[in-house]
Amino acid sequence: MAMRSNFVIVEKPGLSFVAYRPWWEAGIIHGSTLRPFSCDPASLSQAAPVLCAATGTTLIANLRQDHGSTFFDTRSPGALDVVLRTRGSLERYEEGDAFIVPLSQNVEDQSVAYGVSTADCVPLILRGEGGWAVIHAGWRGLANGIIPKVLKALGSPVEAAIFPCAGSNAYEVGWEVVEAIGPSAVYVAASSDSSKALLDTAGTATNQLRVGLGADRIAVSGICTIQDVRFHSYRRDGEGAGRALTFMVPTL
């Protein structure tokens, strides 16, 4: 499926990323990166300066992702100090699959981009009346409830954008995956193998988002990372796959 018209590819020196057009046109710095940029652990130290230069930020904040349902809320007392003290990399200190951040940041001489890494998993950004959330939701995260948990913690969600992820025509999983996710799973039986299902990860995420948002408030890029070679895909490239970074920058 082609990218939907309410998304756009933004080109910056050394960096291309998919952005949700209404937010980008409103001046909200965010996106989900394309190849060859990669933020896998081996590449992050080289990649971070490129993204910082392209987005006008000074730090890239990242977590030790564990495919669970925990998140890091920088609105809580002292949390931003932890981000600044660790120079953005929380991998040694904090695990989680999402950031919740305030609408704006007020840090002297610093500007932080908060990001999650993916290579087929669902990356999504939520806007609420009192903050933003950036979420990594693989099938385990979808099964473990990371999306509804962050929705509840964010409070007063307004809209969501789902960025490139494994598509419904290419993401083959065992039936145990569908069962683990439960009623929100969107899938069809794989025609080539009765022991497999084709899981629509974006559709599943959309179902879970509908708990707090109407369908007209959820935008989906329509891009399948497995089929579109412009994007990193673990399912397609295996252990050699890089990682996209889906990020957002609270306004200064």
# chains A, B, ... in the order shown; residues from 1 in each chain; ligands from 1
$ residues_around --residues "segment 15-21 of chain A" --least-positions-apart "2" --cutoff "6 Å" --atoms "only C-alpha atoms" --output "compact mmCIF listing (two decimals) with C-alpha atoms, in the first residue's frame"
# COMPACT_ATOMS: atom_id res chain seq x y z
CA ASN A 6 -1.86 12.88 5.17
CA PHE A 7 1.75 11.73 5.64
CA VAL A 8 4.81 13.22 3.97
CA ILE A 9 8.49 12.33 3.59
CA VAL A 10 10.71 15.12 4.87
CA GLU A 11 14.25 15.42 3.49
CA LYS A 12 17.03 16.90 5.62
CA PRO A 13 20.83 16.70 5.15
CA TRP A 23 1.53 18.16 12.71
CA TRP A 24 4.52 18.94 10.50
CA GLU A 25 2.73 21.88 8.89
CA GLY A 31 8.88 11.69 12.40
CA SER A 32 9.93 8.11 11.70
CA THR A 33 13.25 7.66 9.93
CA LEU A 34 14.04 5.83 6.68
$ select_by_dssp --residues "segment 52-204 of chain A" --states "strand (DSSP E)" --output "PyMOL selection string"
chain A and resi 59-61+72-73+98-101+112-118+122-128+131-137+157-162+172-174+187-189+196-199
$ write_last_selection --atoms "C-alpha atoms" --output "tab-separated table (two decimals), in the first residue's frame"
chain	number	residue	atom	x	y	z
A	59	LEU	CA	19.93	15.19	22.82
A	60	ILE	CA	18.20	12.01	21.65
A	61	ALA	CA	16.52	10.27	24.59
A	72	PHE	CA	8.94	6.64	31.24
A	73	ASP	CA	6.98	9.78	32.11
A	98	ALA	CA	7.17	4.49	25.60
A	99	PHE	CA	7.89	8.04	26.63
A	100	ILE	CA	5.28	10.45	27.93
A	101	VAL	CA	6.48	14.04	27.64
A	112	VAL	CA	15.50	16.84	23.68
A	113	ALA	CA	14.04	14.53	21.02
A	114	TYR	CA	12.32	11.51	22.56
A	115	GLY	CA	12.39	8.37	20.44
A	116	VAL	CA	11.64	4.66	20.19
A	117	SER	CA	13.34	2.24	17.81
A	118	THR	CA	11.56	-0.23	15.54
A	122	VAL	CA	4.35	-0.40	15.47
A	123	PRO	CA	5.69	3.08	16.26
A	124	LEU	CA	3.06	5.65	17.15
A	125	ILE	CA	2.80	9.14	18.54
A	126	LEU	CA	-0.10	10.33	20.67
A	127	ARG	CA	-1.08	13.93	21.30
A	128	GLY	CA	-3.01	14.73	24.45
A	131	GLY	CA	1.39	16.06	26.71
A	132	TRP	CA	2.71	13.72	24.05
A	133	ALA	CA	3.52	10.01	24.02
A	134	VAL	CA	5.87	8.06	21.75
A	135	ILE	CA	5.20	4.30	21.80
A	136	HIS	CA	6.93	1.15	20.54
A	137	ALA	CA	4.40	-1.69	20.21
A	157	PRO	CA	-5.88	12.03	24.33
A	158	VAL	CA	-6.67	14.12	21.25
A	159	GLU	CA	-5.23	12.28	18.25
A	160	ALA	CA	-2.73	9.62	17.19
A	161	ALA	CA	-0.47	8.91	14.22
A	162	ILE	CA	0.73	5.38	13.39
A	172	GLU	CA	2.93	-13.87	9.09
A	173	VAL	CA	2.58	-15.08	12.69
A	174	GLY	CA	1.49	-18.19	14.55
A	187	TYR	CA	-5.88	-10.68	11.12
A	188	VAL	CA	-6.77	-13.12	8.36
A	189	ALA	CA	-5.72	-16.71	7.86
A	196	LYS	CA	-0.22	-19.10	10.25
A	197	ALA	CA	-2.15	-15.84	10.28
A	198	LEU	CA	-1.44	-12.50	8.64
A	199	LEU	CA	-1.49	-9.92	11.43
$ residues_around --residues "segment 89-91 of chain A" --least-positions-apart "3" --cutoff "6 Å" --atoms "only C-alpha atoms" --output "tab-separated table (two decimals) with N, CA and C atoms, in the first residue's frame"
chain	number	residue	atom	x	y	z
A	61	ALA	N	16.81	11.10	23.43
A	61	ALA	CA	16.52	10.27	24.59
A	61	ALA	C	15.99	8.92	24.13
A	62	ASN	N	16.57	7.84	24.63
A	62	ASN	CA	16.13	6.50	24.29
A	62	ASN	C	16.11	5.62	25.53
A	63	LEU	N	15.29	4.57	25.48
A	63	LEU	CA	15.10	3.66	26.60
A	63	LEU	C	15.62	2.26	26.24
A	64	ARG	N	15.75	1.41	27.24
A	64	ARG	CA	16.02	-0.01	27.01
A	64	ARG	C	14.66	-0.69	26.80
A	86	THR	N	22.01	11.65	32.03
A	86	THR	CA	22.51	10.49	31.28
A	86	THR	C	22.73	10.82	29.81
A	94	GLU	N	16.87	2.83	32.71
A	94	GLU	CA	15.41	2.73	32.63
A	94	GLU	C	15.01	1.84	31.46
$ residues_around --residues "Arg75 of chain A" --least-positions-apart "4" --cutoff "12 Å" --atoms "only C-alpha atoms" --output "list in words"
Phe71, Ala79, Leu80, Asp81, Val82, Val83, Phe99, Ile100, Val101, Pro102, Leu103, Ser104, Gln105, Asn106, Gly130, Gly131, Trp132, Ala133, Ala153, Leu154 and Pro250 of chain A
$ select_by_dssp --residues "segment 74-230 of chain A" --states "helix (DSSP H, G or I)" --output "PyMOL selection string"
chain A and resi 79-85+139-144+146-154+175-181+201-209+215-217
$ residues_around --residues "Val229 of chain A" --least-positions-apart "4" --cutoff "12 Å" --atoms "only C-alpha atoms" --output "list of chain:residue names"
A:Leu34, A:Arg35, A:Pro36, A:Ala119, A:Asp120, A:Pro164, A:Ala166, A:Ile223, A:Cys224, A:Thr225, A:Ser233, A:Tyr234, A:Arg235, A:Arg236, A:Asp237, A:Ala241, A:Gly242
$ write_last_selection --atoms "N, CA and C atoms" --output "CSV table (one decimal), in the first residue's frame"
chain,number,residue,atom,x,y,z
A,34,LEU,N,13.8,6.8,7.7
A,34,LEU,CA,14.0,5.8,6.7
A,34,LEU,C,15.5,5.4,6.7
A,35,ARG,N,15.8,4.3,5.9
A,35,ARG,CA,17.1,3.9,5.7
A,35,ARG,C,17.8,5.0,4.8
A,36,PRO,N,19.2,5.1,4.9
A,36,PRO,CA,20.1,4.2,5.6
A,36,PRO,C,20.3,4.6,7.1
A,119,ALA,N,11.8,-2.0,13.9
A,119,ALA,CA,12.1,-2.6,12.6
A,119,ALA,C,11.0,-3.6,12.3
A,120,ASP,N,9.8,-3.1,12.1
A,120,ASP,CA,8.5,-3.9,11.9
A,120,ASP,C,7.5,-3.6,13.0
A,164,PRO,N,5.2,3.8,9.8
A,164,PRO,CA,5.5,2.6,9.1
A,164,PRO,C,5.7,1.4,10.0
A,166,ALA,N,5.0,-3.4,10.1
A,166,ALA,CA,4.7,-4.6,9.4
A,166,ALA,C,3.3,-4.6,8.9
A,223,ILE,N,2.2,2.4,5.2
A,223,ILE,CA,3.4,1.8,4.7
A,223,ILE,C,3.8,0.5,5.5
A,224,CYS,N,4.1,-0.5,4.7
A,224,CYS,CA,4.6,-1.8,5.3
A,224,CYS,C,6.1,-1.8,5.2
A,225,THR,N,6.7,-2.0,6.4
A,225,THR,CA,8.2,-2.0,6.4
A,225,THR,C,8.7,-3.2,5.8
A,233,SER,N,13.6,-3.6,8.3
A,233,SER,CA,12.7,-4.7,8.6
A,233,SER,C,13.4,-5.9,9.1
A,234,TYR,N,13.2,-6.3,10.3
A,234,TYR,CA,13.8,-7.5,10.9
A,234,TYR,C,13.2,-8.7,10.2
A,235,ARG,N,12.0,-8.7,9.9
A,235,ARG,CA,11.4,-9.9,9.2
A,235,ARG,C,12.0,-10.1,7.8
A,236,ARG,N,12.3,-9.0,7.1
A,236,ARG,CA,12.9,-9.2,5.8
A,236,ARG,C,14.4,-9.4,5.9
A,237,ASP,N,15.1,-8.7,6.7
A,237,ASP,CA,16.6,-8.6,6.7
A,237,ASP,C,17.3,-9.4,7.9
A,241,ALA,N,19.3,-6.3,10.2
A,241,ALA,CA,18.4,-5.2,10.1
A,241,ALA,C,18.8,-4.0,11.0
A,242,GLY,N,18.7,-2.8,10.5
A,242,GLY,CA,18.9,-1.6,11.3
A,242,GLY,C,17.6,-1.3,12.1
$ closest_residue --among "A:Ala48, A:Gln110, A:Arg85, A:Arg4" --to "Phe247 of chain A" --atoms "only C-alpha atoms"
A:Ala48
$ atom_distance --atom1 "atom CA of Arg140 of chain A" --atom2 "atom CA of Ser69 of chain A"
9.1 Å
$ closest_residue --among "A:Asp200, A:Asp216, A:Glu95, A:Glu108" --to "Cys121 of chain A" --atoms "only C-alpha atoms"
A:Asp200
$ atom_distance --atom1 "atom CA of Cys39 of chain A" --atom2 "atom CA of Val150 of chain A"
23.3 Å
$ closest_residue --among "A:Met248, A:Ala219, A:Ile146, A:Ile29" --to "Ser5 of chain A" --atoms "only C-alpha atoms"
A:Ala219
